[in-house]
$ cat model.txt   # compact mmCIF, C-alpha atoms and all ligand atoms
# COMPACT_ATOMS: atom_id res chain seq x y z
CA MET A 17 86.86 113.36 135.19
CA PRO A 18 87.83 111.87 138.54
CA ARG A 19 89.15 114.26 141.14
CA ARG A 20 90.85 113.73 144.48
CA VAL A 21 88.87 114.44 147.61
CA ASP A 22 90.58 116.25 150.47
CA PRO A 23 89.18 114.27 153.41
CA ALA A 24 90.09 116.91 156.00
CA ALA A 25 88.38 119.76 154.11
CA GLU A 26 85.42 117.90 152.57
CA PRO A 27 83.53 115.90 155.21
CA ALA A 28 80.27 116.23 153.23
CA THR A 29 81.90 114.59 150.20
CA LEU A 30 82.93 111.62 152.35
CA VAL A 31 79.27 111.23 153.38
CA ALA A 32 78.18 111.45 149.72
CA MET A 33 80.76 108.78 148.79
CA ASP A 34 79.34 106.50 151.47
CA VAL A 35 75.82 107.00 150.09
CA VAL A 36 76.92 106.01 146.55
CA MET A 37 78.73 102.95 147.93
CA GLN A 38 75.68 101.87 149.92
CA GLU A 39 73.43 102.27 146.85
CA ALA A 40 75.83 100.46 144.52
CA TYR A 41 76.63 97.57 146.87
CA SER A 42 73.16 97.42 148.53
CA ALA A 43 75.00 97.28 151.84
CA ALA A 44 75.27 99.06 155.17
CA SER A 45 77.53 102.08 155.72
CA PHE A 46 81.21 101.98 154.70
CA ARG A 47 82.03 104.87 157.05
CA ASP A 48 84.68 103.04 159.08
CA SER A 49 86.53 101.92 155.98
CA ILE A 50 86.37 105.40 154.39
CA GLU A 51 87.72 106.84 157.66
CA ARG A 52 90.67 104.46 157.50
CA PHE A 53 91.48 105.38 153.90
CA ALA A 54 91.22 109.07 154.88
CA ALA A 55 93.59 108.58 157.82
CA VAL A 56 96.17 106.38 156.10
CA GLN A 57 96.04 107.46 152.43
CA PRO A 58 94.46 110.94 152.29
CA ASP A 59 95.45 111.26 148.61
CA GLY A 60 93.69 107.96 147.84
CA LEU A 61 90.02 109.02 147.79
CA VAL A 62 88.50 109.84 144.41
CA VAL A 63 85.09 110.91 143.10
CA VAL A 64 83.39 111.63 139.80
CA GLU A 65 80.71 114.30 140.09
CA GLU A 66 77.86 115.35 137.86
CA ASN A 67 75.96 118.60 138.48
CA GLY A 68 77.62 118.84 141.88
CA SER A 69 76.61 115.34 143.01
CA VAL A 70 78.92 112.37 143.58
CA VAL A 71 78.07 109.65 141.03
CA GLY A 72 81.22 107.54 141.27
CA THR A 73 83.82 106.81 143.96
CA GLY A 74 86.81 104.67 144.82
CA CYS A 75 89.71 104.51 147.27
CA CYS A 76 93.23 103.10 147.43
CA VAL A 77 95.89 102.40 150.03
CA ALA A 78 99.60 101.93 149.28
CA TYR A 79 101.73 99.42 151.17
CA THR A 80 104.89 101.06 149.94
CA ASP A 81 107.56 98.77 151.40
CA GLY A 82 105.73 95.80 149.85
CA LYS A 83 105.42 97.63 146.49
CA PHE A 84 101.70 96.82 146.28
CA GLY A 85 98.51 98.71 147.05
CA TRP A 86 94.82 97.88 147.27
CA VAL A 87 92.07 99.50 145.22
CA GLY A 88 88.68 99.29 146.90
CA LEU A 89 85.14 100.60 147.30
CA VAL A 90 84.87 101.36 143.58
CA ALA A 91 81.19 102.20 143.05
CA THR A 92 79.06 103.92 140.43
CA ALA A 93 75.67 105.33 141.42
CA PRO A 94 72.74 103.35 139.98
CA GLY A 95 71.67 104.97 136.71
CA PHE A 96 75.21 106.19 135.88
CA GLU A 97 76.77 102.85 134.91
CA ARG A 98 78.36 101.98 131.56
CA ARG A 99 79.77 105.41 130.91
CA GLY A 100 83.34 104.60 131.89
CA ILE A 101 83.12 106.12 135.39
CA ALA A 102 84.50 103.10 137.29
CA THR A 103 87.23 102.60 134.67
CA ALA A 104 88.36 106.24 134.99
CA ILE A 105 88.29 106.08 138.81
CA THR A 106 90.27 102.83 138.91
CA GLU A 107 92.87 104.19 136.43
CA HIS A 108 93.25 107.30 138.59
CA LEU A 109 93.74 105.21 141.75
CA CYS A 110 96.29 102.98 139.99
CA GLU A 111 98.21 106.12 139.02
CA VAL A 112 98.28 107.26 142.65
CA LEU A 113 99.67 103.83 143.63
CA ALA A 114 102.17 103.79 140.73
CA GLY A 115 103.40 107.23 141.84
CA LEU A 116 104.26 105.59 145.18
CA GLY A 117 106.09 102.71 143.48
CA CYS A 118 103.22 100.25 143.92
CA GLY A 119 101.37 97.89 141.60
CA SER A 120 97.62 97.46 142.06
CA VAL A 121 95.69 94.65 143.73
CA LEU A 122 91.93 94.32 144.21
CA ASP A 123 89.15 91.86 144.97
CA ALA A 124 86.57 92.16 142.22
CA SER A 125 82.84 91.57 142.46
CA LEU A 126 80.98 89.80 139.68
CA ALA A 127 80.08 93.21 138.18
CA GLY A 128 83.56 94.68 138.62
CA GLY A 129 85.62 91.77 137.23
CA PRO A 130 85.11 92.45 133.50
CA VAL A 131 85.88 96.16 133.98
CA TYR A 132 89.26 95.41 135.58
CA GLU A 133 90.01 92.61 133.12
CA ARG A 134 89.64 95.10 130.26
CA MET A 135 92.10 97.35 132.09
CA GLY A 136 94.76 94.62 132.12
CA PHE A 137 94.18 93.18 135.58
CA ALA A 138 94.80 89.41 135.75
CA ASP A 139 93.16 86.79 138.00
CA ARG A 140 95.31 85.44 140.81
CA GLY A 141 92.84 83.19 142.63
CA SER A 142 89.72 83.74 144.66
CA THR A 143 89.09 85.66 147.83
CA ARG A 144 86.38 83.92 149.84
CA VAL A 145 83.70 85.61 151.90
CA MET A 146 82.82 83.19 154.71
CA GLY A 147 80.05 83.53 157.28
CA TYR A 148 79.81 81.99 160.72
CA VAL A 149 77.01 79.47 160.91
CA GLY A 150 78.06 77.83 164.17
CA GLY A 151 79.60 74.46 164.51
CA GLU A 152 81.11 72.13 166.99
CA SER A 153 81.54 73.49 170.49
CA VAL A 154 84.66 75.49 171.17
CA PRO A 155 87.64 73.15 171.61
CA THR A 156 88.78 72.95 175.20
CA SER A 157 92.38 73.47 174.06
CA ALA A 158 91.62 77.14 173.35
CA GLU A 159 94.16 79.39 175.08
CA PRO A 160 93.11 82.70 176.62
CA CYS A 161 93.68 85.86 174.55
CA ASP A 162 94.46 89.36 175.84
CA PRO A 163 92.94 92.66 174.75
CA LEU A 164 95.11 94.27 172.06
CA THR A 165 95.69 97.94 172.91
CA ALA A 166 97.87 100.75 171.58
CA ASP A 167 100.63 99.49 173.91
CA ASP A 168 100.81 96.19 172.00
CA LEU A 169 101.02 97.80 168.56
CA ASP A 170 104.81 97.76 168.09
CA GLU A 171 104.95 94.05 168.85
CA VAL A 172 101.89 93.26 166.72
CA VAL A 173 103.26 95.23 163.76
CA ARG A 174 106.56 93.32 164.03
CA PHE A 175 104.54 90.09 163.88
CA ASP A 176 102.23 91.26 161.09
CA ALA A 177 104.63 92.89 158.62
CA PRO A 178 106.61 89.80 157.49
CA ARG A 179 103.36 87.90 157.04
CA PHE A 180 101.25 90.59 155.37
CA GLY A 181 104.23 91.61 153.23
CA ALA A 182 104.44 95.24 154.36
CA ASN A 183 104.38 97.40 157.45
CA ARG A 184 100.80 98.61 157.94
CA ARG A 185 101.27 100.26 161.33
CA GLU A 186 99.05 103.28 160.69
CA LEU A 187 96.20 101.17 159.36
CA LEU A 188 96.39 98.72 162.27
CA ALA A 189 96.54 101.59 164.78
CA LYS A 190 93.44 103.09 163.20
CA VAL A 191 91.40 99.87 163.05
CA VAL A 192 92.30 99.00 166.65
CA SER A 193 91.28 102.49 167.82
CA GLN A 194 87.97 102.18 165.93
CA HIS A 195 87.03 99.04 167.87
CA PRO A 196 87.91 99.47 171.53
CA GLY A 197 87.76 96.20 173.46
CA ARG A 198 87.33 94.21 170.23
CA ALA A 199 90.96 93.58 169.27
CA LEU A 200 92.71 90.53 170.69
CA VAL A 201 96.28 89.30 170.86
CA LEU A 202 97.48 85.78 171.63
CA ARG A 203 100.90 85.28 173.19
CA ARG A 204 102.85 82.06 173.61
CA ARG A 205 105.79 82.13 176.01
CA GLY A 206 105.59 85.91 175.98
CA LYS A 207 105.76 86.25 172.19
CA VAL A 208 102.90 87.28 169.89
CA SER A 209 101.56 84.25 168.04
CA GLY A 210 98.48 85.89 166.51
CA TYR A 211 95.99 88.73 166.64
CA LEU A 212 92.60 89.76 165.32
CA VAL A 213 90.23 92.71 165.22
CA ALA A 214 86.45 92.27 165.53
CA HIS A 215 84.43 94.93 163.70
CA GLU A 216 80.64 95.24 164.06
CA ARG A 217 79.81 92.51 161.55
CA THR A 218 83.17 91.23 160.33
CA LEU A 219 86.41 89.87 161.73
CA GLY A 220 89.67 91.07 160.28
CA PRO A 221 92.56 91.17 160.10
CA ILE A 222 93.23 87.74 161.56
CA VAL A 223 96.88 86.72 161.30
CA THR A 224 98.49 83.68 162.91
CA ASP A 225 100.72 80.78 161.82
CA THR A 226 99.00 77.75 163.34
CA SER A 227 95.51 76.31 163.44
CA GLU A 228 95.77 75.99 167.27
CA SER A 229 96.32 79.74 167.59
CA LEU A 230 93.54 80.45 165.09
CA ILE A 231 91.11 78.33 167.14
CA SER A 232 92.05 80.23 170.31
CA LEU A 233 91.63 83.64 168.67
CA ILE A 234 88.31 82.87 166.99
CA SER A 235 86.91 81.15 170.08
CA ALA A 236 87.65 84.31 172.07
CA ALA A 237 86.20 86.57 169.36
CA LEU A 238 82.96 84.57 169.19
CA GLY A 239 82.49 85.37 172.87
CA LEU A 240 82.17 89.11 172.08
CA ASP A 241 78.80 90.76 171.33
CA TRP A 242 77.68 90.46 167.69
CA VAL A 243 74.73 92.13 165.96
CA SER A 244 74.79 89.29 163.42
CA PRO A 245 77.05 86.24 163.01
CA PRO A 246 80.47 87.48 161.86
CA ARG A 247 81.77 87.32 158.30
CA ILE A 248 85.40 87.07 157.21
CA ASN A 249 87.20 87.79 153.93
CA VAL A 250 89.81 85.08 153.36
CA PRO A 251 92.65 85.75 150.89
CA PRO A 252 93.50 83.13 148.22
CA GLU A 253 96.86 82.26 149.79
CA SER A 254 95.41 81.53 153.23
CA GLY A 255 96.37 78.21 154.78
CA HIS A 256 93.52 78.47 157.30
CA ILE A 257 90.46 77.58 155.23
CA ALA A 258 90.01 74.02 156.55
CA THR A 259 90.29 75.22 160.16
CA LEU A 260 87.77 77.99 159.53
CA GLN A 261 85.35 75.44 158.12
CA ARG A 262 85.85 73.25 161.18
CA LEU A 263 85.12 76.26 163.40
CA GLY A 264 81.75 76.77 161.67
CA PHE A 265 82.50 79.24 158.86
CA GLU A 266 80.83 78.53 155.52
CA GLU A 267 81.64 80.01 152.13
CA ARG A 268 79.12 82.65 151.02
CA ARG A 269 80.70 83.90 147.78
CA GLN A 270 83.99 84.31 145.98
CA LEU A 271 85.60 87.44 144.59
CA ARG A 272 88.16 87.54 141.81
CA HIS A 273 91.53 88.44 143.33
CA MET A 274 93.16 90.48 140.56
CA ARG A 275 96.47 92.26 140.12
CA ARG A 276 98.15 94.60 137.68
CA GLY A 277 101.87 95.28 137.99
CA VAL A 278 102.31 92.85 140.90
CA ASP A 279 103.58 89.38 140.11
CA ALA A 280 104.33 87.60 143.34
CA MET A 281 103.08 89.14 146.57
CA PRO A 282 105.67 89.53 149.34
CA GLY A 283 105.10 88.11 152.81
CA ARG A 284 103.97 84.79 154.20
CA ARG A 285 100.36 85.23 153.26
CA GLU A 286 99.36 81.66 154.18
CA SER A 287 99.23 83.00 157.77
CA ILE A 288 96.44 85.46 156.93
CA ALA A 289 93.04 84.03 157.89
CA ALA A 290 91.17 87.27 157.19
CA GLN A 291 91.77 90.56 155.43
CA ILE A 292 90.99 93.84 157.16
CA SER A 293 88.28 94.31 154.49
CA LEU A 294 87.76 93.50 150.83
CA GLY A 295 88.80 97.06 149.91
CA GLU A 296 91.99 97.28 151.97
CA GLY A 297 93.51 93.81 151.66
C1 LIG B 301 80.99 97.46 138.80
C2 LIG B 301 80.75 98.95 138.64
C3 LIG B 301 81.72 99.68 139.58
C4 LIG B 301 81.01 99.33 137.19
O1 LIG B 301 80.86 100.73 137.10
P1 LIG B 301 80.69 101.48 135.69
O2 LIG B 301 80.90 102.92 135.97
O3 LIG B 301 79.44 101.06 135.07
O4 LIG B 301 81.94 100.89 134.89
P2 LIG B 301 82.43 101.36 133.45
O5 LIG B 301 81.39 102.21 132.83
O6 LIG B 301 83.78 101.92 133.60
O7 LIG B 301 82.53 99.97 132.72
C5 LIG B 301 81.38 99.13 132.64
C6 LIG B 301 81.16 98.67 131.22
O8 LIG B 301 80.67 99.76 130.48
C7 LIG B 301 81.37 99.84 129.28
N1 LIG B 301 81.42 101.25 128.92
C8 LIG B 301 82.28 102.19 129.32
N2 LIG B 301 82.02 103.36 128.76
C9 LIG B 301 80.93 103.16 127.96
C10 LIG B 301 80.17 103.98 127.13
N3 LIG B 301 80.47 105.26 126.95
N4 LIG B 301 79.14 103.43 126.50
C11 LIG B 301 78.81 102.13 126.65
N5 LIG B 301 79.51 101.29 127.43
C12 LIG B 301 80.55 101.80 128.08
C13 LIG B 301 82.72 99.32 129.58
O9 LIG B 301 83.32 98.85 128.39
C14 LIG B 301 82.43 98.21 130.53
O10 LIG B 301 82.10 97.06 129.81
P3 LIG B 301 82.58 95.61 130.30
O11 LIG B 301 81.90 95.40 131.63
O12 LIG B 301 82.09 94.74 129.24
O13 LIG B 301 84.06 95.68 130.43
C15 LIG B 301 79.30 99.35 139.01
O14 LIG B 301 78.42 98.55 138.26
C16 LIG B 301 78.98 99.19 140.46
O15 LIG B 301 79.13 100.14 141.24
N6 LIG B 301 78.52 97.98 140.86
C17 LIG B 301 78.18 97.68 142.24
C18 LIG B 301 79.38 97.74 143.16
C19 LIG B 301 80.55 96.89 142.68
O16 LIG B 301 80.38 95.72 142.41
N7 LIG B 301 81.73 97.51 142.58
C20 LIG B 301 82.91 96.86 142.10
C21 LIG B 301 83.64 96.27 143.19
S1 LIG B 301 85.03 95.40 142.62
$ encode --input "model.txt" --output "C-alpha cells" --more "lines below"
Ligand SMILES: CC(C)(COP(=O)(O)OP(=O)(O)OC[C@H]1O[C@@H](n2cnc3c(N)ncnc32)[C@H](O)[C@@H]1OP(=O)(O)O)[C@@H](O)C(=O)NCCC(=O)NCCS
Amino acid sequence: MPRRVDPAAEPATLVAMDVVMQEAYSAASFRDSIERFAAVQPDGLVVVEENGSVVGTGCCVAYTDGKFGWVGLVATAPGFERRGIATAITEHLCEVLAGLGCGSVLDASLAGGPVYERMGFADRGSTRVMGYVGGESVPTSAEPCDPLTADDLDEVVRFDAPRFGANRRELLAKVVSQHPGRALVLRRRGKVSGYLVAHERTLGPIVTDTSESLISLISAALGLDWVSPPRINVPPESGHIATLQRLGFEERRQLRHMRRGVDAMPGRRESIAAQISLGEG
C-alpha cells in the first residue's frame, strides 16, 4: 500500500526515493526536483515499501487556482515491476490532487503510457524533449537579459500565471533559489517580456510571448557554464518549436502528454517554451 512521506521528518526516505528513481530511469539524481515537491507540496510524496525498503515512488504538485496538478517521478524499482505498484502510487497521487480540487496531468514515458491509459488517462498531444546541438551563430538582435532574483519574483509571477494557467509562486521561488545566478529575466520598456531558469543540465521554465524574446533569453542562457549541452522539455501547446529548432535544438524523444479529469488547460500555454521539468509541468 502506498503511504505518504513526511519530507521534514524523513530525509532518509527522500534519499531512498531518489535511488529508486535513478535506477528506474537510468538517470542522474532527481534531488532538486524532489526538494521542490517537498517544499511546495509536502503531502505529495508517496512510497511503497517492502521489508522496510522503498520499491516504488511518485510525487505530485497541485496548481489549485488552475484546477490541475502534475503527477511525476513515478518509478518502480527494477525487479518489482508488474505488481501494480505504479498504478497504486498514481491512484494515490490523483486522490491527493482531487482532494485539492484538481484533475491530473502527466507526461508519460513509453513504459508508463499503458499503465496510465488503463487508469483512464487520455492522450492530449506530445511533450518533446529537445537537446541543444548548436546551430547558427547567435542573432545580433539579441537583447541583454538581467539576472532574475527574489526581488523580481512578484513581477515574474504576474507575467507567468496567466500563461502557465495558475499561480506557481512558491515553485518559482524555490527553483530560482536553487540556481543562483542562473535565472534570467528580459524586460522591454520596463515590463517583463520573458524569463527562464537554467538548471545544471536543463533549461526550464522558459516563458515568453515572442520568438524575438525567446532568442534573447536562450542566447543569454547559452553563455552560462554547462556540464553538457542543455535539454528542454517542450509542452504540446508551445508555439516556440520552430524558433527552438532554428536556435539549434533538436528533438530527442516524445512523451505522451496525458490527462484525467482535465479537459482544456487554462492559460496561454503557447507562450511556454519549456516546462520546469517533466514531473512538474
Ligand atoms: C513504468 C513503471 C513506473 C511501471 O511500474 P509498475 O509498478 O510495473 O506498474 P504496474 O505494475 O502498476 O503496471 C504495469 C503492468 O503490470 C500489470 N500488472 C499489475 N499488477 C499485476 C500483477 N499482479 N500481475 C501481473 N501484471 C500486473 C498492469 O496491468 C500493467 O500492465 P499494462 O502495462 O499492460 O497496463 C516502471 O516500469 C518504471 O519505473 N519504469 C521506468 C521509469 C518510468 O518510465 N516511469 C514512468 C514515468 S511516466
$ closest_residue --input "model.txt" --among "A:Lys190, A:Arg20, A:Arg276, A:Arg98" --to "ligand LIG 301 (chain B)" --atoms "only C-alpha atoms and all ligand atoms"
A:Arg98
$ closest_residue --input "model.txt" --among "A:Ser235, A:Ser193, A:Gln57, A:Thr218" --to "Gly147 (chain A)" --atoms "only C-alpha atoms"
A:Thr218
$ closest_residue --input "model.txt" --among "A:Arg99, A:Arg52, A:Arg47, A:Arg275" --to "ligand LIG 301 (chain B)" --atoms "all atoms listed in the file"
A:Arg99
$ residues_near_point --input "model.txt" --point "(89.3, 82.4, 148.2)" --cutoff "12 Å" --atoms "all atoms listed in the file" --output "PyMOL selection string"
chain A and resi 123-124+139-146+248-258+266-274+286+288-291+294
$ write_last_selection --input "model.txt" --atoms "C-alpha atoms" --output "tab-separated table (two decimals), keeping the file's coordinate frame"
chain	number	residue	atom	x	y	z
A	123	ASP	CA	89.15	91.86	144.97
A	124	ALA	CA	86.57	92.16	142.22
A	139	ASP	CA	93.16	86.79	138.00
A	140	ARG	CA	95.31	85.44	140.81
A	141	GLY	CA	92.84	83.19	142.63
A	142	SER	CA	89.72	83.74	144.66
A	143	THR	CA	89.09	85.66	147.83
A	144	ARG	CA	86.38	83.92	149.84
A	145	VAL	CA	83.70	85.61	151.90
A	146	MET	CA	82.82	83.19	154.71
A	248	ILE	CA	85.40	87.07	157.21
A	249	ASN	CA	87.20	87.79	153.93
A	250	VAL	CA	89.81	85.08	153.36
A	251	PRO	CA	92.65	85.75	150.89
A	252	PRO	CA	93.50	83.13	148.22
A	253	GLU	CA	96.86	82.26	149.79
A	254	SER	CA	95.41	81.53	153.23
A	255	GLY	CA	96.37	78.21	154.78
A	256	HIS	CA	93.52	78.47	157.30
A	257	ILE	CA	90.46	77.58	155.23
A	258	ALA	CA	90.01	74.02	156.55
A	266	GLU	CA	80.83	78.53	155.52
A	267	GLU	CA	81.64	80.01	152.13
A	268	ARG	CA	79.12	82.65	151.02
A	269	ARG	CA	80.70	83.90	147.78
A	270	GLN	CA	83.99	84.31	145.98
A	271	LEU	CA	85.60	87.44	144.59
A	272	ARG	CA	88.16	87.54	141.81
A	273	HIS	CA	91.53	88.44	143.33
A	274	MET	CA	93.16	90.48	140.56
A	286	GLU	CA	99.36	81.66	154.18
A	288	ILE	CA	96.44	85.46	156.93
A	289	ALA	CA	93.04	84.03	157.89
A	290	ALA	CA	91.17	87.27	157.19
A	291	GLN	CA	91.77	90.56	155.43
A	294	LEU	CA	87.76	93.50	150.83
$ atom_distance --input "model.txt" --atom1 "CA of Asp48 (chain A)" --atom2 "CA of Thr73 (chain A)"
15.6 Å
$ closest_residue --input "model.txt" --among "A:Gly264, A:Pro130, A:Gly72, A:Pro221" --to "Asp176 (chain A)" --atoms "all atoms listed in the file"
A:Pro221
$ axis_aligned_box --input "model.txt" --around "region 277-284 of chain A" --padding-each-side "3 Å" --output "JSON"
{"center_x": 103.8, "center_y": 90.0, "center_z": 146.1, "size_x": 9.8, "size_y": 16.5, "size_z": 22.2}
$ closest_residue --input "model.txt" --among "A:Pro18, A:Gly197, A:Gly239, A:Gly117" --to "Gly85 (chain A)" --atoms "only C-alpha atoms"
A:Gly117
$ residues_near_ligand --input "model.txt" --ligand "ligand LIG 301 (chain B)" --cutoff "9 Å" --atoms "only C-alpha atoms and all ligand atoms" --output "PyMOL selection string"
chain A and resi 36-42+71-74+87-106+122-135+271-272+294-295
$ atom_distance --input "model.txt" --atom1 "CA of Ala236 (chain A)" --atom2 "CA of Ile292 (chain A)"
18.0 Å
$ residues_around --input "model.txt" --residues "Asn183 (chain A)" --least-positions-apart "3" --cutoff "8 Å" --atoms "all atoms listed in the file" --output "JSON, numbers by chain"
{"A": [79, 81, 82, 173, 176, 177, 178, 180]}
$ closest_residue --input "model.txt" --among "A:Gly297, A:Pro282, A:Pro58, A:Gly150" --to "Arg247 (chain A)" --atoms "all atoms listed in the file"
A:Gly150
$ atom_distance --input "model.txt" --atom1 "CA of Ala55 (chain A)" --atom2 "CA of Met281 (chain A)"
24.4 Å
$ residues_near_point --input "model.txt" --point "(100.3, 91.2, 165.5)" --cutoff "9 Å" --atoms "only C-alpha atoms" --output "PyMOL selection string"
chain A and resi 164+168-177+201-202+208-212+222-224
$ residues_around --input "model.txt" --residues "Val213 (chain A)" --least-positions-apart "4" --cutoff "6 Å" --atoms "all atoms listed in the file" --output "list of chain:residue names"
A:Arg198, A:Ala199, A:Leu219, A:Gly220, A:Pro221
$ decode --input "model.txt" --residues "region 69-156 of chain A" --atoms "C-alpha atoms" --output "PDB file, in the first residue's frame"
ATOM      1  CA  SER A  69      12.926  -0.663   1.649  1.00  0.00           C
ATOM      2  CA  VAL A  70      11.429   1.782  -0.843  1.00  0.00           C
ATOM      3  CA  VAL A  71      10.449  -0.130  -4.003  1.00  0.00           C
ATOM      4  CA  GLY A  72       8.107   2.409  -5.591  1.00  0.00           C
ATOM      5  CA  THR A  73       7.750   6.200  -5.536  1.00  0.00           C
ATOM      6  CA  GLY A  74       5.916   9.127  -7.079  1.00  0.00           C
ATOM      7  CA  CYS A  75       5.185  12.804  -6.467  1.00  0.00           C
ATOM      8  CA  CYS A  76       2.516  15.361  -7.326  1.00  0.00           C
ATOM      9  CA  VAL A  77       2.061  19.112  -7.247  1.00  0.00           C
ATOM     10  CA  ALA A  78      -1.310  20.900  -7.297  1.00  0.00           C
ATOM     11  CA  TYR A  79      -1.830  24.155  -9.172  1.00  0.00           C
ATOM     12  CA  THR A  80      -5.046  24.807  -7.305  1.00  0.00           C
ATOM     13  CA  ASP A  81      -6.244  28.022  -8.947  1.00  0.00           C
ATOM     14  CA  GLY A  82      -5.846  26.324 -12.346  1.00  0.00           C
ATOM     15  CA  LYS A  83      -7.666  23.191 -11.101  1.00  0.00           C
ATOM     16  CA  PHE A  84      -4.921  20.926 -12.443  1.00  0.00           C
ATOM     17  CA  GLY A  85      -1.917  19.187 -10.929  1.00  0.00           C
ATOM     18  CA  TRP A  86       1.085  17.275 -12.230  1.00  0.00           C
ATOM     19  CA  VAL A  87       1.976  13.690 -11.345  1.00  0.00           C
ATOM     20  CA  GLY A  88       5.664  12.950 -11.781  1.00  0.00           C
ATOM     21  CA  LEU A  89       8.697  10.834 -10.938  1.00  0.00           C
ATOM     22  CA  VAL A  90       6.595   7.660 -10.784  1.00  0.00           C
ATOM     23  CA  ALA A  91       9.147   4.844 -10.554  1.00  0.00           C
ATOM     24  CA  THR A  92       9.194   1.188  -9.569  1.00  0.00           C
ATOM     25  CA  ALA A  93      12.482  -0.414  -8.517  1.00  0.00           C
ATOM     26  CA  PRO A  94      13.835  -2.898 -11.084  1.00  0.00           C
ATOM     27  CA  GLY A  95      12.644  -6.386 -10.136  1.00  0.00           C
ATOM     28  CA  PHE A  96       9.394  -5.115  -8.559  1.00  0.00           C
ATOM     29  CA  GLU A  97       7.512  -4.221 -11.760  1.00  0.00           C
ATOM     30  CA  ARG A  98       4.153  -5.637 -12.879  1.00  0.00           C
ATOM     31  CA  ARG A  99       2.713  -5.978  -9.418  1.00  0.00           C
ATOM     32  CA  GLY A 100       0.526  -2.879  -9.561  1.00  0.00           C
ATOM     33  CA  ILE A 101       2.920  -0.646  -7.587  1.00  0.00           C
ATOM     34  CA  ALA A 102       2.975   2.268 -10.067  1.00  0.00           C
ATOM     35  CA  THR A 103      -0.801   2.035 -10.558  1.00  0.00           C
ATOM     36  CA  ALA A 104      -1.417   2.224  -6.791  1.00  0.00           C
ATOM     37  CA  ILE A 105       1.022   5.137  -6.384  1.00  0.00           C
ATOM     38  CA  THR A 106      -0.517   7.084  -9.276  1.00  0.00           C
ATOM     39  CA  GLU A 107      -4.069   6.486  -7.943  1.00  0.00           C
ATOM     40  CA  HIS A 108      -2.956   7.739  -4.525  1.00  0.00           C
ATOM     41  CA  LEU A 109      -1.400  10.889  -6.031  1.00  0.00           C
ATOM     42  CA  CYS A 110      -4.522  11.551  -8.117  1.00  0.00           C
ATOM     43  CA  GLU A 111      -6.580  11.339  -4.915  1.00  0.00           C
ATOM     44  CA  VAL A 112      -4.340  13.933  -3.253  1.00  0.00           C
ATOM     45  CA  LEU A 113      -4.873  16.221  -6.264  1.00  0.00           C
ATOM     46  CA  ALA A 114      -8.632  15.542  -6.383  1.00  0.00           C
ATOM     47  CA  GLY A 115      -8.833  16.436  -2.677  1.00  0.00           C
ATOM     48  CA  LEU A 116      -7.447  19.853  -3.664  1.00  0.00           C
ATOM     49  CA  GLY A 117      -9.989  20.252  -6.481  1.00  0.00           C
ATOM     50  CA  CYS A 118      -7.519  19.342  -9.224  1.00  0.00           C
ATOM     51  CA  GLY A 119      -7.567  16.921 -12.148  1.00  0.00           C
ATOM     52  CA  SER A 120      -4.363  15.072 -13.028  1.00  0.00           C
ATOM     53  CA  VAL A 121      -1.863  15.750 -15.798  1.00  0.00           C
ATOM     54  CA  LEU A 122       1.362  13.888 -16.588  1.00  0.00           C
ATOM     55  CA  ASP A 123       3.958  13.278 -19.265  1.00  0.00           C
ATOM     56  CA  ALA A 124       4.257   9.539 -19.751  1.00  0.00           C
ATOM     57  CA  SER A 125       7.305   7.565 -20.813  1.00  0.00           C
ATOM     58  CA  LEU A 126       6.980   4.665 -23.224  1.00  0.00           C
ATOM     59  CA  ALA A 127       6.810   2.275 -20.241  1.00  0.00           C
ATOM     60  CA  GLY A 128       4.399   4.432 -18.243  1.00  0.00           C
ATOM     61  CA  GLY A 129       1.875   5.220 -21.009  1.00  0.00           C
ATOM     62  CA  PRO A 130      -0.053   1.913 -20.971  1.00  0.00           C
ATOM     63  CA  VAL A 131      -0.293   1.991 -17.160  1.00  0.00           C
ATOM     64  CA  TYR A 132      -1.945   5.433 -17.177  1.00  0.00           C
ATOM     65  CA  GLU A 133      -4.114   4.578 -20.173  1.00  0.00           C
ATOM     66  CA  ARG A 134      -5.573   1.655 -18.220  1.00  0.00           C
ATOM     67  CA  MET A 135      -6.306   4.096 -15.398  1.00  0.00           C
ATOM     68  CA  GLY A 136      -8.411   6.303 -17.687  1.00  0.00           C
ATOM     69  CA  PHE A 137      -5.812   8.892 -18.667  1.00  0.00           C
ATOM     70  CA  ALA A 138      -6.253  10.169 -22.239  1.00  0.00           C
ATOM     71  CA  ASP A 139      -3.617  11.421 -24.698  1.00  0.00           C
ATOM     72  CA  ARG A 140      -3.558  15.166 -25.303  1.00  0.00           C
ATOM     73  CA  GLY A 141      -0.536  15.512 -27.583  1.00  0.00           C
ATOM     74  CA  SER A 142       3.186  15.050 -27.186  1.00  0.00           C
ATOM     75  CA  THR A 143       5.694  16.697 -24.922  1.00  0.00           C
ATOM     76  CA  ARG A 144       9.035  16.942 -26.708  1.00  0.00           C
ATOM     77  CA  VAL A 145      12.439  16.540 -25.129  1.00  0.00           C
ATOM     78  CA  MET A 146      14.840  18.646 -27.198  1.00  0.00           C
ATOM     79  CA  GLY A 147      18.616  18.849 -26.879  1.00  0.00           C
ATOM     80  CA  TYR A 148      20.931  21.661 -27.903  1.00  0.00           C
ATOM     81  CA  VAL A 149      23.190  20.608 -30.744  1.00  0.00           C
ATOM     82  CA  GLY A 150      24.385  24.079 -31.717  1.00  0.00           C
ATOM     83  CA  GLY A 151      23.330  25.966 -34.741  1.00  0.00           C
ATOM     84  CA  GLU A 152      23.671  29.267 -36.441  1.00  0.00           C
ATOM     85  CA  SER A 153      25.553  31.930 -34.536  1.00  0.00           C
ATOM     86  CA  VAL A 154      23.575  33.938 -32.030  1.00  0.00           C
ATOM     87  CA  PRO A 155      21.485  36.574 -33.840  1.00  0.00           C
ATOM     88  CA  THR A 156      22.835  40.062 -33.341  1.00  0.00           C
TER      89      THR A 156
END
